[in-house]
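Here's protein_27.cif, which has mmCIF, C-alpha atoms:
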data_model
loop_
_atom_site.group_PDB
_atom_site.id
_atom_site.type_symbol
_atom_site.label_atom_id
_atom_site.label_comp_id
_atom_site.auth_asym_id
_atom_site.auth_seq_id
_atom_site.Cartn_x
_atom_site.Cartn_y
_atom_site.Cartn_z
ATOM 1 C CA MET A 12 42.943 203.843 126.005
ATOM 2 C CA SER A 13 39.969 205.620 127.601
ATOM 3 C CA ALA A 14 39.519 205.747 131.372
ATOM 4 C CA PRO A 15 36.255 203.728 131.291
ATOM 5 C CA PHE A 16 37.917 201.032 129.149
ATOM 6 C CA ARG A 17 40.921 200.839 131.516
ATOM 7 C CA ALA A 18 38.564 200.529 134.483
ATOM 8 C CA ALA A 19 36.664 197.705 132.783
ATOM 9 C CA CYS A 20 39.920 195.851 132.075
ATOM 10 C CA VAL A 21 41.070 196.204 135.690
ATOM 11 C CA LEU A 22 37.695 194.928 136.919
ATOM 12 C CA LEU A 23 37.801 191.921 134.567
ATOM 13 C CA LEU A 24 41.339 191.004 135.641
ATOM 14 C CA GLY A 25 40.319 191.317 139.276
ATOM 15 C CA LEU A 26 37.375 188.996 138.777
ATOM 16 C CA LEU A 27 39.527 186.436 136.983
ATOM 17 C CA TRP A 28 42.112 186.540 139.763
ATOM 18 C CA THR A 29 39.432 186.194 142.450
ATOM 19 C CA SER A 30 37.855 183.249 140.630
ATOM 20 C CA SER A 31 41.215 181.482 140.494
ATOM 21 C CA ALA A 32 42.237 182.340 144.044
ATOM 22 C CA SER A 33 38.899 181.379 145.516
ATOM 23 C CA ARG A 34 39.316 177.770 144.431
ATOM 24 C CA CYS A 35 42.298 177.210 146.749
ATOM 25 C CA ILE A 36 42.136 175.910 150.282
ATOM 26 C CA GLY A 37 44.754 175.228 152.910
ATOM 27 C CA SER A 38 45.802 171.584 153.122
ATOM 28 C CA ARG A 39 45.380 169.706 156.399
ATOM 29 C CA SER A 40 49.058 168.851 156.383
ATOM 30 C CA ALA A 41 52.076 171.126 156.289
ATOM 31 C CA GLY A 42 52.569 170.187 152.666
ATOM 32 C CA GLY A 43 51.085 173.387 151.257
ATOM 33 C CA ARG A 44 47.809 174.020 149.515
ATOM 34 C CA VAL A 45 45.433 171.911 147.486
ATOM 35 C CA ARG A 46 42.991 173.166 144.880
ATOM 36 C CA ILE A 47 39.238 172.824 144.938
ATOM 37 C CA PRO A 48 38.079 171.115 141.741
ATOM 38 C CA PRO A 49 36.491 173.382 139.104
ATOM 39 C CA HIS A 50 32.807 173.983 139.777
ATOM 40 C CA ASP A 51 31.817 172.214 136.540
ATOM 41 C CA GLN A 52 33.330 168.974 137.911
ATOM 42 C CA VAL A 53 30.452 168.543 140.315
ATOM 43 C CA ALA A 54 31.176 165.017 141.533
ATOM 44 C CA ARG A 55 34.805 165.900 142.315
ATOM 45 C CA VAL A 56 33.681 168.968 144.248
ATOM 46 C CA ALA A 57 31.368 166.774 146.323
ATOM 47 C CA ARG A 58 34.162 164.306 147.062
ATOM 48 C CA PHE A 59 36.474 167.181 147.988
ATOM 49 C CA VAL A 60 34.028 168.688 150.478
ATOM 50 C CA ALA A 61 33.262 165.287 152.011
ATOM 51 C CA HIS A 62 36.958 164.677 152.616
ATOM 52 C CA GLN A 63 37.790 168.132 153.949
ATOM 53 C CA CYS A 64 35.032 168.187 156.553
ATOM 54 C CA ASP A 65 35.440 166.693 160.024
ATOM 55 C CA TRP A 66 31.837 167.056 161.102
ATOM 56 C CA ALA A 67 28.370 167.176 159.618
ATOM 57 C CA SER A 68 24.842 168.174 160.510
ATOM 58 C CA MET A 69 22.594 165.122 160.321
ATOM 59 C CA ALA A 70 18.821 165.443 160.107
ATOM 60 C CA THR A 71 16.682 162.512 161.243
ATOM 61 C CA VAL A 72 12.941 161.972 161.614
ATOM 62 C CA SER A 73 12.336 162.527 165.313
ATOM 63 C CA THR A 74 10.828 159.861 167.552
ATOM 64 C CA HIS A 75 10.807 162.116 170.612
ATOM 65 C CA GLN A 76 8.049 164.238 172.063
ATOM 66 C CA PRO A 77 7.027 166.922 171.364
ATOM 67 C CA VAL A 78 8.481 166.775 167.825
ATOM 68 C CA VAL A 79 7.608 163.204 166.784
ATOM 69 C CA GLY A 80 7.687 162.841 163.000
ATOM 70 C CA ARG A 81 9.395 166.187 162.439
ATOM 71 C CA PRO A 82 12.902 166.914 161.175
ATOM 72 C CA PHE A 83 15.563 166.925 163.897
ATOM 73 C CA SER A 84 19.117 168.097 163.186
ATOM 74 C CA ASN A 85 22.215 167.305 165.215
ATOM 75 C CA ALA A 86 25.998 167.582 164.801
ATOM 76 C CA PHE A 87 28.228 164.515 164.373
ATOM 77 C CA SER A 88 31.926 163.908 163.831
ATOM 78 C CA VAL A 89 32.597 162.194 160.502
ATOM 79 C CA SER A 90 35.464 160.906 158.397
ATOM 80 C CA ASP A 91 35.519 159.438 154.906
ATOM 81 C CA GLY A 92 39.037 158.079 155.406
ATOM 82 C CA PRO A 93 42.469 159.030 156.718
ATOM 83 C CA GLU A 94 43.767 162.377 155.506
ATOM 84 C CA GLY A 95 44.579 162.224 151.807
ATOM 85 C CA SER A 96 42.829 158.854 151.377
ATOM 86 C CA GLY A 97 39.146 159.710 151.246
ATOM 87 C CA THR A 98 36.687 157.057 150.087
ATOM 88 C CA GLY A 99 33.644 159.319 149.845
ATOM 89 C CA VAL A 100 31.822 157.231 152.472
ATOM 90 C CA PRO A 101 31.144 159.230 155.662
ATOM 91 C CA TYR A 102 31.786 157.075 158.729
ATOM 92 C CA MET A 103 30.508 157.814 162.244
ATOM 93 C CA TYR A 104 31.127 156.504 165.761
ATOM 94 C CA LEU A 105 27.769 156.280 167.517
ATOM 95 C CA THR A 106 26.072 155.149 170.706
ATOM 96 C CA ARG A 107 22.445 154.082 171.109
ATOM 97 C CA MET A 108 22.255 156.416 174.071
ATOM 98 C CA GLU A 109 22.334 159.397 171.675
ATOM 99 C CA ILE A 110 18.983 161.015 170.856
ATOM 100 C CA SER A 111 19.405 161.060 167.049
ATOM 101 C CA VAL A 112 20.630 157.463 167.025
ATOM 102 C CA GLN A 113 17.398 156.501 168.746
ATOM 103 C CA ASP A 114 15.591 158.110 165.807
ATOM 104 C CA LEU A 115 17.714 156.064 163.391
ATOM 105 C CA GLN A 116 16.799 152.825 165.129
ATOM 106 C CA VAL A 117 13.184 153.476 164.126
ATOM 107 C CA ASN A 118 13.891 155.014 160.729
ATOM 108 C CA PRO A 119 17.471 154.821 159.387
ATOM 109 C CA GLU A 120 16.831 157.413 156.653
ATOM 110 C CA ALA A 121 18.570 160.748 157.126
ATOM 111 C CA SER A 122 20.321 163.604 155.389
ATOM 112 C CA LEU A 123 23.866 164.762 156.052
ATOM 113 C CA SER A 124 25.151 168.298 155.369
ATOM 114 C CA MET A 125 28.821 169.316 155.171
ATOM 115 C CA SER A 126 30.206 172.765 154.413
ATOM 116 C CA LEU A 127 33.647 174.247 153.824
ATOM 117 C CA ALA A 128 32.531 176.938 156.274
ATOM 118 C CA GLN A 129 33.996 174.690 158.965
ATOM 119 C CA THR A 130 37.439 174.970 157.365
ATOM 120 C CA ASP A 131 39.528 178.143 156.958
ATOM 121 C CA TYR A 132 38.558 178.431 153.290
ATOM 122 C CA CYS A 133 35.363 180.517 153.391
ATOM 123 C CA ARG A 134 36.660 182.811 156.109
ATOM 124 C CA GLN A 135 39.891 183.484 154.222
ATOM 125 C CA GLN A 136 37.971 184.246 151.020
ATOM 126 C CA GLY A 137 35.406 186.403 152.799
ATOM 127 C CA PHE A 138 32.521 184.097 151.879
ATOM 128 C CA ASP A 139 29.508 183.930 154.177
ATOM 129 C CA PRO A 140 28.575 180.306 155.025
ATOM 130 C CA GLN A 141 25.282 180.779 153.157
ATOM 131 C CA SER A 142 27.013 182.006 149.993
ATOM 132 C CA PRO A 143 27.005 179.510 147.109
ATOM 133 C CA LEU A 144 30.766 180.097 146.823
ATOM 134 C CA CYS A 145 31.238 178.608 150.297
ATOM 135 C CA ALA A 146 30.861 175.094 148.919
ATOM 136 C CA HIS A 147 28.625 172.650 150.726
ATOM 137 C CA ILE A 148 26.962 169.334 150.033
ATOM 138 C CA ILE A 149 23.817 167.597 151.231
ATOM 139 C CA LEU A 150 23.740 163.808 151.169
ATOM 140 C CA SER A 151 20.491 161.826 151.202
ATOM 141 C CA GLY A 152 20.482 158.224 152.341
ATOM 142 C CA SER A 153 20.478 156.057 155.438
ATOM 143 C CA VAL A 154 22.767 155.156 158.318
ATOM 144 C CA LEU A 155 23.978 151.553 158.509
ATOM 145 C CA GLU A 156 26.093 149.807 161.134
ATOM 146 C CA VAL A 157 29.306 148.255 159.779
ATOM 147 C CA ASN A 158 31.234 145.244 161.005
ATOM 148 C CA GLY A 159 34.368 143.247 160.258
ATOM 149 C CA THR A 160 37.000 144.767 158.007
ATOM 150 C CA GLU A 161 34.819 147.768 157.190
ATOM 151 C CA ALA A 162 34.452 148.532 160.899
ATOM 152 C CA GLU A 163 38.238 148.372 161.226
ATOM 153 C CA PHE A 164 38.599 150.823 158.371
ATOM 154 C CA ALA A 165 35.961 153.093 159.923
ATOM 155 C CA LYS A 166 37.896 152.995 163.199
ATOM 156 C CA LYS A 167 41.137 153.957 161.477
ATOM 157 C CA SER A 168 39.399 156.710 159.525
ATOM 158 C CA LEU A 169 37.681 158.247 162.540
ATOM 159 C CA PHE A 170 40.334 157.815 165.226
ATOM 160 C CA SER A 171 43.056 159.279 163.007
ATOM 161 C CA ARG A 172 41.074 162.496 162.581
ATOM 162 C CA HIS A 173 39.236 162.513 165.920
ATOM 163 C CA PRO A 174 41.769 161.119 168.436
ATOM 164 C CA GLU A 175 39.580 162.130 171.384
ATOM 165 C CA MET A 176 37.241 159.272 170.413
ATOM 166 C CA MET A 177 39.740 156.778 171.800
ATOM 167 C CA GLU A 178 39.057 158.174 175.292
ATOM 168 C CA TRP A 179 35.268 158.188 175.132
ATOM 169 C CA PRO A 180 33.526 156.136 177.901
ATOM 170 C CA SER A 181 33.714 152.424 177.129
ATOM 171 C CA ASP A 182 30.375 151.711 178.825
ATOM 172 C CA HIS A 183 28.430 153.640 176.150
ATOM 173 C CA ASP A 184 28.352 150.683 173.723
ATOM 174 C CA TRP A 185 29.905 152.554 170.798
ATOM 175 C CA PHE A 186 29.641 151.158 167.293
ATOM 176 C CA PHE A 187 30.745 152.203 163.792
ATOM 177 C CA CYS A 188 28.349 153.264 161.067
ATOM 178 C CA LYS A 189 28.454 154.548 157.538
ATOM 179 C CA PHE A 190 26.163 156.896 155.687
ATOM 180 C CA ASN A 191 24.752 154.935 152.745
ATOM 181 C CA ILE A 192 24.405 157.587 150.025
ATOM 182 C CA THR A 193 21.428 157.535 147.653
ATOM 183 C CA GLN A 194 21.703 161.105 146.307
ATOM 184 C CA VAL A 195 24.210 163.954 146.406
ATOM 185 C CA TRP A 196 23.324 167.654 146.237
ATOM 186 C CA VAL A 197 26.076 170.222 145.596
ATOM 187 C CA LEU A 198 26.040 173.998 145.965
ATOM 188 C CA ASP A 199 29.399 175.595 145.198
ATOM 189 C CA TYR A 200 28.618 178.259 142.601
ATOM 190 C CA PHE A 201 25.861 180.503 141.302
ATOM 191 C CA GLY A 202 22.984 179.028 139.304
ATOM 192 C CA GLY A 203 21.334 176.730 141.811
ATOM 193 C CA VAL A 204 21.938 173.344 143.382
ATOM 194 C CA LYS A 205 23.345 170.503 141.271
ATOM 195 C CA THR A 206 22.744 166.791 141.779
ATOM 196 C CA VAL A 207 25.134 163.872 141.473
ATOM 197 C CA SER A 208 24.225 160.197 141.465
ATOM 198 C CA PRO A 209 26.029 157.846 143.867
ATOM 199 C CA GLU A 210 27.694 156.202 140.859
ATOM 200 C CA GLU A 211 29.095 159.510 139.606
ATOM 201 C CA TYR A 212 30.138 160.473 143.124
ATOM 202 C CA PHE A 213 32.145 157.327 143.833
ATOM 203 C CA GLN A 214 33.684 157.203 140.358
ATOM 204 C CA ALA A 215 35.048 160.736 140.735
ATOM 205 C CA SER A 216 38.705 161.071 141.645
ATOM 206 C CA LEU A 217 39.491 162.911 144.853
ATOM 207 C CA HIS A 218 42.808 164.027 143.372
ATOM 208 C CA ARG A 219 43.475 165.873 140.142
ATOM 209 C CA LYS A 220 44.697 163.514 137.426
ATOM 210 C CA PRO A 221 48.154 164.313 136.015
ATOM 211 C CA HIS A 222 48.260 165.532 132.405
#

Would you encode the structure as structure tokens?
Amino acid sequence: MSAPFRAACVLLLGLLWTSSASRCIGSRSAGGRVRIPPHDQVARVARFVAHQCDWASMATVSTHQPVVGRPFSNAFSVSDGPEGSGTGVPYMYLTRMEISVQDLQVNPEASLSMSLAQTDYCRQQGFDPQSPLCAHIILSGSVLEVNGTEAEFAKKSLFSRHPEMMEWPSDHDWFFCKFNITQVWVLDYFGGVKTVSPEEYFQASLHRKPH
């Protein structure tokens, strides 16, 4: 076997190993590691990212001077369900005193971005947050207040992952909301952004099906 051929084989094996290893991420619990869905299972990747992330950047249409009518981005704590039981629906705990919430009261349409850069995954793999391999999603839709049993579920989902919320000032008139998804954009691999319909997104299984 020639030296160039051996070098090519070593390089190929290294790439295959990296591709396999890069799809693993540390689990939130002490139960070990879970695997990121294959990049060709786009809807499952989106569900995975939505469940792994504890916060998101939400862009609204500003109602405040001097940027009225322009995009305005802000960070919010989110949860799509208790750990291991994600629904795909991002819930938020909001107050009307917050500047972005005031935008939403005029125009509830927004976009929500979540990235695995906020987990240990991208750092462990050496991926820059802007790299396509550092998977992230952008959700288009609107923010809606929830009540009744859905508000109770939102409370359980958020307080279990953000326990500090239970101590937030009671005089701020907090309420529970959900992000009503109308389109899902996924970037987790080379070749450009991929889109997923809400139907495909919610039909996707968060967990790998047994053979």

So which one's closest to Asp91 in chain A, A:Thr206, A:Thr130, A:Ser171, A:Ser142? Using only C-alpha atoms, please.
A:Ser171

Residues in the PyMOL selection byres ((chain A and resi 122) around 6), expressed as a list of chain:residue names:
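Selection result, ordered by chain and number: A:Met69, A:Ala70, A:Ala121, A:Leu123, A:Leu150, A:Ser151.
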
With distances taken over only C-alpha atoms, which of A:Val197, A:Ala61, A:Cys133, A:Ala146 is nearest to Ser96 in chain A?
A:Ala61

Which is closer to Ser181 in chain A than all the others in A:Leu105, A:Phe138, A:Pro93, A:Ile110, using all atoms listed in the file?
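Counting all atoms listed in the file, the residue closest to Ser181 in chain A is A:Leu105.
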
Hits from the PyMOL selection byres ((chain A and resi 190) around 6), listed as a count of residues only
6

Determine, counting all atoms listed in the file, which protein, DNA and RNA residues have an atom within 7 Å of an atom of range 209-220 of chain A; residues of the same chain fewer than 2 positions away are not included. Present the result as a ChimeraX atom specification.
/A:54-55,58-59,99,192-195,207,222

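Taking CA of Met125 in chain A and CA of Val89 in chain A as the two end points, the separation is 9.7 Å.
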
Rank nothing, just name the residue among A:Gln141, A:Asn118, A:Asp131, A:Phe164 nearest to Tyr200 in chain A, using all atoms listed in the file.
A:Gln141

Nearest to Gly159 in chain A: which of A:Val72, A:Met108, A:Phe187, A:Ala57 is it, counting all atoms listed in the file?
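Among the listed residues, A:Phe187 lies closest to Gly159 in chain A.
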
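Our summary of the geometry notes that CA of Met103 in chain A is positioned 28.5 Å from CA of Gln135 in chain A.
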
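Computed from the coordinates, the CA of Asn158 in chain A to CA of Cys64 in chain A distance equals 23.7 Å.
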
Quick check on the file I pasted: which residues fall under the PyMOL selection byres ((chain A and resi 113) around 12)? Write them as JSON, numbers by chain.
{"A": [71, 72, 73, 74, 75, 83, 105, 106, 107, 108, 109, 110, 111, 112, 114, 115, 116, 117, 118, 119, 154]}

What would the file be for range 104-150 of chain A if you keep N, CA and C atoms and write it as a CSV table (one decimal), in the first residue's frame?
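File written: result31.csv
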chain,number,residue,atom,x,y,z
A,104,TYR,N,-42.5,32.8,30.2
A,104,TYR,CA,-43.1,33.4,31.4
A,104,TYR,C,-42.8,34.9,31.3
A,105,LEU,N,-43.8,35.7,31.0
A,105,LEU,CA,-43.6,37.1,30.6
A,105,LEU,C,-44.4,38.1,31.5
A,106,THR,N,-43.9,39.3,31.4
A,106,THR,CA,-44.6,40.4,32.1
A,106,THR,C,-44.8,41.6,31.1
A,107,ARG,N,-45.9,42.3,31.2
A,107,ARG,CA,-46.2,43.4,30.3
A,107,ARG,C,-45.3,44.6,30.6
A,108,MET,N,-44.5,44.5,31.6
A,108,MET,CA,-43.5,45.6,31.9
A,108,MET,C,-42.3,45.4,31.0
A,109,GLU,N,-42.1,44.3,30.4
A,109,GLU,CA,-40.9,44.0,29.6
A,109,GLU,C,-41.0,44.7,28.2
A,110,ILE,N,-39.9,45.2,27.7
A,110,ILE,CA,-39.9,46.1,26.5
A,110,ILE,C,-40.4,45.3,25.3
A,111,SER,N,-39.9,44.0,25.1
A,111,SER,CA,-40.3,43.2,23.9
A,111,SER,C,-41.8,42.8,24.0
A,112,VAL,N,-42.3,42.6,25.2
A,112,VAL,CA,-43.7,42.2,25.4
A,112,VAL,C,-44.6,43.3,25.0
A,113,GLN,N,-44.1,44.6,25.3
A,113,GLN,CA,-44.9,45.7,24.8
A,113,GLN,C,-45.0,45.8,23.3
A,114,ASP,N,-43.9,45.3,22.6
A,114,ASP,CA,-44.0,45.2,21.2
A,114,ASP,C,-45.0,44.2,20.8
A,115,LEU,N,-45.0,43.0,21.5
A,115,LEU,CA,-45.9,41.9,21.1
A,115,LEU,C,-47.4,42.3,21.4
A,116,GLN,N,-47.7,43.2,22.3
A,116,GLN,CA,-49.0,43.7,22.5
A,116,GLN,C,-49.6,44.4,21.3
A,117,VAL,N,-48.7,45.0,20.5
A,117,VAL,CA,-49.1,45.7,19.3
A,117,VAL,C,-49.1,44.8,18.1
A,118,ASN,N,-48.0,44.0,18.0
A,118,ASN,CA,-47.9,43.0,16.9
A,118,ASN,C,-47.4,41.7,17.5
A,119,PRO,N,-48.2,40.7,17.6
A,119,PRO,CA,-47.7,39.4,18.3
A,119,PRO,C,-46.8,38.6,17.4
A,120,GLU,N,-46.5,39.0,16.2
A,120,GLU,CA,-45.6,38.2,15.3
A,120,GLU,C,-44.2,38.4,15.7
A,121,ALA,N,-43.4,37.3,15.7
A,121,ALA,CA,-42.0,37.3,16.1
A,121,ALA,C,-41.3,36.2,15.5
A,122,SER,N,-40.0,36.1,15.7
A,122,SER,CA,-39.2,35.0,15.4
A,122,SER,C,-38.4,34.6,16.6
A,123,LEU,N,-38.1,33.3,16.7
A,123,LEU,CA,-37.4,32.8,17.9
A,123,LEU,C,-36.2,31.9,17.4
A,124,SER,N,-35.0,32.2,17.9
A,124,SER,CA,-33.8,31.5,17.5
A,124,SER,C,-33.2,30.7,18.7
A,125,MET,N,-32.9,29.4,18.5
A,125,MET,CA,-32.3,28.6,19.5
A,125,MET,C,-31.1,27.9,18.9
A,126,SER,N,-30.0,27.8,19.6
A,126,SER,CA,-28.8,27.2,19.1
A,126,SER,C,-28.2,26.3,20.2
A,127,LEU,N,-27.6,25.2,19.7
A,127,LEU,CA,-26.9,24.3,20.6
A,127,LEU,C,-25.6,24.9,21.1
A,128,ALA,N,-25.3,26.1,20.6
A,128,ALA,CA,-24.1,26.8,21.2
A,128,ALA,C,-24.3,27.1,22.7
A,129,GLN,N,-25.5,27.2,23.1
A,129,GLN,CA,-25.7,27.4,24.6
A,129,GLN,C,-25.5,26.2,25.4
A,130,THR,N,-25.4,25.0,24.8
A,130,THR,CA,-25.1,23.8,25.5
A,130,THR,C,-23.6,23.5,25.5
A,131,ASP,N,-23.2,22.4,26.0
A,131,ASP,CA,-21.7,22.1,25.9
A,131,ASP,C,-21.3,21.5,24.6
A,132,TYR,N,-22.3,21.1,23.7
A,132,TYR,CA,-22.1,20.4,22.5
A,132,TYR,C,-21.1,21.0,21.6
A,133,CYS,N,-21.4,22.3,21.1
A,133,CYS,CA,-20.5,22.9,20.1
A,133,CYS,C,-19.1,23.2,20.7
A,134,ARG,N,-19.0,23.6,21.9
A,134,ARG,CA,-17.7,23.8,22.5
A,134,ARG,C,-16.9,22.5,22.6
A,135,GLN,N,-17.5,21.4,23.0
A,135,GLN,CA,-16.8,20.2,23.1
A,135,GLN,C,-16.3,19.7,21.7
A,136,GLN,N,-17.1,20.0,20.6
A,136,GLN,CA,-16.8,19.5,19.3
A,136,GLN,C,-15.9,20.5,18.6
A,137,GLY,N,-15.6,21.7,19.2
A,137,GLY,CA,-14.8,22.7,18.5
A,137,GLY,C,-15.5,23.5,17.4
A,138,PHE,N,-16.9,23.5,17.5
A,138,PHE,CA,-17.7,24.2,16.5
A,138,PHE,C,-17.9,25.6,16.9
A,139,ASP,N,-17.6,26.6,16.0
A,139,ASP,CA,-18.0,28.0,16.3
A,139,ASP,C,-19.5,28.1,16.2
A,140,PRO,N,-20.1,29.0,17.1
A,140,PRO,CA,-21.6,29.1,17.0
A,140,PRO,C,-22.2,29.4,15.7
A,141,GLN,N,-21.4,30.0,14.8
A,141,GLN,CA,-21.9,30.4,13.5
A,141,GLN,C,-21.7,29.2,12.5
A,142,SER,N,-21.0,28.2,12.9
A,142,SER,CA,-20.8,27.0,12.0
A,142,SER,C,-22.1,26.3,11.8
A,143,PRO,N,-22.4,25.8,10.5
A,143,PRO,CA,-23.6,25.0,10.3
A,143,PRO,C,-23.7,23.8,11.2
A,144,LEU,N,-22.5,23.3,11.6
A,144,LEU,CA,-22.5,22.0,12.4
A,144,LEU,C,-22.9,22.3,13.8
A,145,CYS,N,-22.9,23.6,14.3
A,145,CYS,CA,-23.4,23.9,15.6
A,145,CYS,C,-24.9,24.2,15.4
A,146,ALA,N,-25.7,23.1,15.5
A,146,ALA,CA,-27.1,23.2,15.0
A,146,ALA,C,-27.9,24.3,15.7
A,147,HIS,N,-28.7,25.0,14.9
A,147,HIS,CA,-29.6,26.0,15.4
A,147,HIS,C,-30.9,26.0,14.6
A,148,ILE,N,-31.9,26.5,15.2
A,148,ILE,CA,-33.2,26.6,14.5
A,148,ILE,C,-33.7,28.1,14.6
A,149,ILE,N,-34.6,28.5,13.7
A,149,ILE,CA,-35.3,29.7,13.7
A,149,ILE,C,-36.7,29.4,13.5
A,150,LEU,N,-37.5,29.9,14.5
A,150,LEU,CA,-39.0,29.6,14.4
A,150,LEU,C,-39.7,30.9,14.0
